[in-house]
Amino acid sequence: ETGVTQSPTHLIKTRGQQVTLRCSSQSGHNTVSWYQQALGQGPQFIFQYYREEENGRGNFPPRFSGLQFPNYSSELNVNALELDDSALYLCASSLDLGSNQPQHFGDGTRLSIL
Amino acid sequence: SQKIEQNSEALNIQEGKTATLTCNYTNYSPAYLQWYRQDPGRGPVFLLLIRENEKEKRKERLKVTFDTTLKQSLFHITASQPADSATYLCALDPDSSASKIIFGSGTRLSIRP
């Protein structure tokens, strides 16, 4: 059973650029959530996708957008990058929708904005 | 305001002792509460989930309690080992809508030999 994989592992961008981060869900999982984790903080919920539809969103501006594909893999897109967007971006998949579902995390993409 | 608070200071415990970590929340009514472990440079790993109608849950050396009156969960590691050193995160569903999970900021636990 393949776990959650994210790519790339590290990325350096400059302010104003756009970035796409990718996530492959664990086999059989139809729900994916994205989180932003600053150093020393817990993960902050960005949004969740269930069967290709956005199912919930945290307090992030519209320049953070996402997609979930028919194979349940997912992308996080961030436009007009700002210095404060520097963080670890985590993807987590779960077997199904529901707050009783354990989330299976990838090891994240470390994004640095110069 | 709504928030989740965990021990802000790192916790240093002697090997073999019981480590107890605290998660307090305000203005939420979660149906579930989860605990995760995170090692440096890695994503969080799920450990335990406890439901609002469960007082206690155990898994090997781990024990979680959930007091909805106090709005608090305690996470215990008995017979602690240096390999238990990590950051531990609590997480809950803020409105039982299944649309998001909110995490605390985590407690860094160090077990010294």
# chains A, B, ... in the order shown; residues from 1 in each chain; ligands from 1

$ residues_around --residues "B:Pro113" --least-positions-apart "3" --cutoff "9 Å" --atoms "only C-alpha atoms" --output "NGL selection string"
:B and (14-16 or 81-82)

$ write_last_selection --atoms "all heavy atoms" --output "mmCIF file, in the first residue's frame"
data_model
loop_
_atom_site.group_PDB
_atom_site.id
_atom_site.type_symbol
_atom_site.label_atom_id
_atom_site.label_comp_id
_atom_site.auth_asym_id
_atom_site.auth_seq_id
_atom_site.Cartn_x
_atom_site.Cartn_y
_atom_site.Cartn_z
ATOM 1 N N GLN B 14 12.052 12.165 32.176
ATOM 2 C CA GLN B 14 13.040 11.098 32.355
ATOM 3 C C GLN B 14 12.485 9.800 31.766
ATOM 4 O O GLN B 14 11.305 9.480 31.950
ATOM 5 C CB GLN B 14 13.313 10.907 33.855
ATOM 6 C CG GLN B 14 14.305 9.813 34.190
ATOM 7 C CD GLN B 14 15.730 10.230 33.870
ATOM 8 O OE1 GLN B 14 16.144 11.349 34.144
ATOM 9 N NE2 GLN B 14 16.486 9.326 33.276
ATOM 10 N N GLU B 15 13.341 9.068 31.082
ATOM 11 C CA GLU B 15 12.943 7.777 30.518
ATOM 12 C C GLU B 15 12.301 6.903 31.596
ATOM 13 O O GLU B 15 12.762 6.854 32.743
ATOM 14 C CB GLU B 15 14.176 7.066 29.953
ATOM 15 C CG GLU B 15 13.884 5.723 29.308
ATOM 16 C CD GLU B 15 15.124 5.098 28.692
ATOM 17 O OE1 GLU B 15 16.232 5.631 28.889
ATOM 18 O OE2 GLU B 15 14.983 4.070 28.000
ATOM 19 N N GLY B 16 11.223 6.226 31.204
ATOM 20 C CA GLY B 16 10.525 5.334 32.125
ATOM 21 C C GLY B 16 9.359 5.989 32.843
ATOM 22 O O GLY B 16 8.466 5.291 33.331
ATOM 23 N N GLN B 81 10.066 6.366 26.407
ATOM 24 C CA GLN B 81 11.361 5.977 25.843
ATOM 25 C C GLN B 81 11.914 7.141 25.025
ATOM 26 O O GLN B 81 11.142 7.945 24.500
ATOM 27 C CB GLN B 81 11.180 4.757 24.929
ATOM 28 C CG GLN B 81 10.513 3.574 25.588
ATOM 29 C CD GLN B 81 10.055 2.521 24.587
ATOM 30 O OE1 GLN B 81 10.261 2.670 23.375
ATOM 31 N NE2 GLN B 81 9.454 1.453 25.082
ATOM 32 N N PRO B 82 13.232 7.228 24.881
ATOM 33 C CA PRO B 82 13.793 8.310 24.043
ATOM 34 C C PRO B 82 13.178 8.350 22.642
ATOM 35 O O PRO B 82 13.022 9.428 22.071
ATOM 36 C CB PRO B 82 15.276 7.956 23.998
ATOM 37 C CG PRO B 82 15.538 7.285 25.304
ATOM 38 C CD PRO B 82 14.287 6.465 25.562
#

$ interface_residues --of "chain A" --to "chain B" --cutoff "8 Å" --atoms "only C-alpha atoms" --output "list of chain:residue names"
A:Gly40, A:Gln41, A:Gly42, A:Pro43, A:Gln44, A:Phe45, A:Phe47, A:Gln48, A:Asn55, A:Gly56, A:Arg57, A:Gly58, A:Leu90, A:Leu97, A:Gly98, A:Ser99, A:Asn100, A:Pro102, A:Gln103, A:His104, A:Phe105, A:Gly106, A:Asp107, A:Gly108

$ write_last_selection --atoms "N, CA and C atoms" --output "PDB file, in the first residue's frame"
ATOM      1  N   GLY A  40       7.218  25.889  14.006  1.00  0.00           N
ATOM      2  CA  GLY A  40       6.797  25.968  15.399  1.00  0.00           C
ATOM      3  C   GLY A  40       5.306  26.041  15.612  1.00  0.00           C
ATOM      4  N   GLN A  41       4.538  25.923  14.540  1.00  0.00           N
ATOM      5  CA  GLN A  41       3.079  25.998  14.635  1.00  0.00           C
ATOM      6  C   GLN A  41       2.453  24.687  14.187  1.00  0.00           C
ATOM      7  N   GLY A  42       1.176  24.531  14.514  1.00  0.00           N
ATOM      8  CA  GLY A  42       0.445  23.383  14.010  1.00  0.00           C
ATOM      9  C   GLY A  42      -0.015  23.625  12.584  1.00  0.00           C
ATOM     10  N   PRO A  43      -0.403  22.577  11.892  1.00  0.00           N
ATOM     11  CA  PRO A  43      -0.918  22.755  10.520  1.00  0.00           C
ATOM     12  C   PRO A  43      -2.183  23.609  10.512  1.00  0.00           C
ATOM     13  N   GLN A  44      -2.269  24.547   9.563  1.00  0.00           N
ATOM     14  CA  GLN A  44      -3.451  25.390   9.374  1.00  0.00           C
ATOM     15  C   GLN A  44      -4.219  24.887   8.151  1.00  0.00           C
ATOM     16  N   PHE A  45      -5.500  24.621   8.351  1.00  0.00           N
ATOM     17  CA  PHE A  45      -6.340  24.066   7.298  1.00  0.00           C
ATOM     18  C   PHE A  45      -6.527  25.070   6.170  1.00  0.00           C
ATOM     19  N   PHE A  47      -7.931  23.911   2.636  1.00  0.00           N
ATOM     20  CA  PHE A  47      -9.201  23.429   2.087  1.00  0.00           C
ATOM     21  C   PHE A  47      -9.188  21.910   1.986  1.00  0.00           C
ATOM     22  N   GLN A  48     -10.372  21.390   1.712  1.00  0.00           N
ATOM     23  CA  GLN A  48     -10.563  19.952   1.587  1.00  0.00           C
ATOM     24  C   GLN A  48     -11.313  19.656   0.294  1.00  0.00           C
ATOM     25  N   ASN A  55     -14.931  20.848  -0.439  1.00  0.00           N
ATOM     26  CA  ASN A  55     -15.907  20.524   0.602  1.00  0.00           C
ATOM     27  C   ASN A  55     -15.807  21.435   1.819  1.00  0.00           C
ATOM     28  N   GLY A  56     -14.778  22.218   1.902  1.00  0.00           N
ATOM     29  CA  GLY A  56     -14.610  23.111   3.046  1.00  0.00           C
ATOM     30  C   GLY A  56     -13.358  23.929   2.824  1.00  0.00           C
ATOM     31  N   ARG A  57     -13.318  25.129   3.428  1.00  0.00           N
ATOM     32  CA  ARG A  57     -12.193  26.017   3.216  1.00  0.00           C
ATOM     33  C   ARG A  57     -11.859  26.736   4.514  1.00  0.00           C
ATOM     34  N   GLY A  58     -10.585  26.907   4.769  1.00  0.00           N
ATOM     35  CA  GLY A  58     -10.136  27.670   5.925  1.00  0.00           C
ATOM     36  C   GLY A  58      -9.995  29.140   5.573  1.00  0.00           C
ATOM     37  N   LEU A  90       1.407  20.719   3.612  1.00  0.00           N
ATOM     38  CA  LEU A  90       1.114  19.307   3.849  1.00  0.00           C
ATOM     39  C   LEU A  90      -0.187  18.904   3.173  1.00  0.00           C
ATOM     40  N   LEU A  97     -15.098  10.907   3.767  1.00  0.00           N
ATOM     41  CA  LEU A  97     -15.447  12.149   4.431  1.00  0.00           C
ATOM     42  C   LEU A  97     -15.853  11.830   5.873  1.00  0.00           C
ATOM     43  N   GLY A  98     -15.580  12.750   6.763  1.00  0.00           N
ATOM     44  CA  GLY A  98     -16.008  12.540   8.142  1.00  0.00           C
ATOM     45  C   GLY A  98     -14.903  12.885   9.102  1.00  0.00           C
ATOM     46  N   SER A  99     -15.261  13.551  10.183  1.00  0.00           N
ATOM     47  CA  SER A  99     -14.250  13.981  11.148  1.00  0.00           C
ATOM     48  C   SER A  99     -13.779  12.836  12.028  1.00  0.00           C
ATOM     49  N   ASN A 100     -14.350  11.642  11.824  1.00  0.00           N
ATOM     50  CA  ASN A 100     -13.863  10.478  12.552  1.00  0.00           C
ATOM     51  C   ASN A 100     -12.834   9.709  11.733  1.00  0.00           C
ATOM     52  N   PRO A 102      -9.169   9.154  10.385  1.00  0.00           N
ATOM     53  CA  PRO A 102      -7.756   9.540  10.544  1.00  0.00           C
ATOM     54  C   PRO A 102      -7.217  10.105   9.238  1.00  0.00           C
ATOM     55  N   GLN A 103      -6.362  11.085   9.352  1.00  0.00           N
ATOM     56  CA  GLN A 103      -5.758  11.677   8.163  1.00  0.00           C
ATOM     57  C   GLN A 103      -4.346  11.121   7.999  1.00  0.00           C
ATOM     58  N   HIS A 104      -4.027  10.783   6.766  1.00  0.00           N
ATOM     59  CA  HIS A 104      -2.722  10.224   6.443  1.00  0.00           C
ATOM     60  C   HIS A 104      -1.942  11.299   5.686  1.00  0.00           C
ATOM     61  N   PHE A 105      -0.875  11.772   6.297  1.00  0.00           N
ATOM     62  CA  PHE A 105      -0.130  12.898   5.762  1.00  0.00           C
ATOM     63  C   PHE A 105       1.063  12.469   4.917  1.00  0.00           C
ATOM     64  N   GLY A 106       1.364  13.291   3.906  1.00  0.00           N
ATOM     65  CA  GLY A 106       2.651  13.200   3.244  1.00  0.00           C
ATOM     66  C   GLY A 106       3.675  13.965   4.065  1.00  0.00           C
ATOM     67  N   ASP A 107       4.908  13.974   3.596  1.00  0.00           N
ATOM     68  CA  ASP A 107       5.969  14.679   4.315  1.00  0.00           C
ATOM     69  C   ASP A 107       6.116  16.135   3.893  1.00  0.00           C
ATOM     70  N   GLY A 108       5.242  16.583   2.994  1.00  0.00           N
ATOM     71  CA  GLY A 108       5.162  17.997   2.720  1.00  0.00           C
ATOM     72  C   GLY A 108       6.094  18.516   1.647  1.00  0.00           C
TER      73      GLY A 108
END

$ residues_around --residues "B:Ile4" --least-positions-apart "4" --cutoff "7 Å" --atoms "only C-alpha atoms" --output "PyMOL selection string"
chain B and resi 23-26+104

$ write_last_selection --atoms "N, CA and C atoms" --output "PDB file, in the first residue's frame"
ATOM      1  N   CYS B  23      -4.421  19.211  26.026  1.00  0.00           N
ATOM      2  CA  CYS B  23      -5.051  19.925  24.912  1.00  0.00           C
ATOM      3  C   CYS B  23      -6.346  20.530  25.439  1.00  0.00           C
ATOM      4  N   ASN B  24      -6.415  21.849  25.468  1.00  0.00           N
ATOM      5  CA  ASN B  24      -7.622  22.554  25.899  1.00  0.00           C
ATOM      6  C   ASN B  24      -8.230  23.296  24.719  1.00  0.00           C
ATOM      7  N   TYR B  25      -9.545  23.342  24.674  1.00  0.00           N
ATOM      8  CA  TYR B  25     -10.190  24.062  23.588  1.00  0.00           C
ATOM      9  C   TYR B  25     -11.328  24.918  24.131  1.00  0.00           C
ATOM     10  N   THR B  26     -11.645  25.977  23.410  1.00  0.00           N
ATOM     11  CA  THR B  26     -12.725  26.872  23.830  1.00  0.00           C
ATOM     12  C   THR B  26     -13.660  27.107  22.661  1.00  0.00           C
ATOM     13  N   GLY B 104      -4.000  22.016  17.057  1.00  0.00           N
ATOM     14  CA  GLY B 104      -3.289  22.848  18.013  1.00  0.00           C
ATOM     15  C   GLY B 104      -1.867  23.079  17.527  1.00  0.00           C
TER      16      GLY B 104
END

$ residues_around --residues "A:Ser86" --least-positions-apart "6" --cutoff "9 Å" --atoms "only C-alpha atoms" --output "MDAnalysis selection string"
chainID A and resid 38 110:114

$ write_last_selection --atoms "C-alpha atoms" --output "compact mmCIF listing (two decimals), in the first residue's frame"
# COMPACT_ATOMS: atom_id res chain seq x y z
CA ALA A 38 4.72 27.59 9.73
CA ARG A 110 8.95 23.10 1.90
CA LEU A 111 8.25 26.36 0.03
CA SER A 112 10.61 29.30 0.44
CA ILE A 113 9.74 32.73 -0.97
CA LEU A 114 12.61 35.15 -1.59

$ closest_residue --among "A:Leu95, A:Glu52, A:Gly3, A:His10" --to "A:Asn71" --atoms "only C-alpha atoms"
A:Glu52

$ residues_around --residues "A:Val4" --least-positions-apart "6" --cutoff "6 Å" --atoms "only C-alpha atoms" --output "list of chain:residue names"
A:Ser24, A:Ser25, A:Gln26, A:Gly106

$ write_last_selection --atoms "C-alpha atoms" --output "PDB file, in the first residue's frame"
ATOM      1  CA  SER A  24      -0.901  11.566  -4.577  1.00  0.00           C
ATOM      2  CA  SER A  25      -3.416  10.214  -2.091  1.00  0.00           C
ATOM      3  CA  GLN A  26      -3.121   6.886  -0.358  1.00  0.00           C
ATOM      4  CA  GLY A 106       2.651  13.200   3.244  1.00  0.00           C
TER       5      GLY A 106
END

$ residues_around --residues "A:Val78" --least-positions-apart "3" --cutoff "9 Å" --atoms "only C-alpha atoms" --output "list in words"
Gln17, Gln18, Val19, Thr20, Leu21, Pro62, Arg63, Phe64, Ser65, Gly66, Leu81 and Asp85 of chain A

$ atom_distance --atom1 "atom CA of B:Gln6" --atom2 "atom CA of B:Leu21"
7.6 Å

$ residues_around --residues "B:Phe66" --least-positions-apart "2" --cutoff "9 Å" --atoms "only C-alpha atoms" --output "list in words"
Leu33, Ile50, Arg51, Glu52, Asn53, Glu54, Lys55, Glu56, Lys57, Val64, Thr68, Leu70, Lys71, Gln72, Ser73 and Leu74 of chain B

$ atom_distance --atom1 "atom CA of A:Ser73" --atom2 "atom CA of A:Tyr89"
15.3 Å

$ select_by_dssp --residues "stretch 2-112 of chain B" --states "strand (DSSP E or B)" --output "ChimeraX atom specification"
/B:3-6,11-14,19-26,32-38,45-51,56-59,62-67,72-77,86-92,102-103,107-112
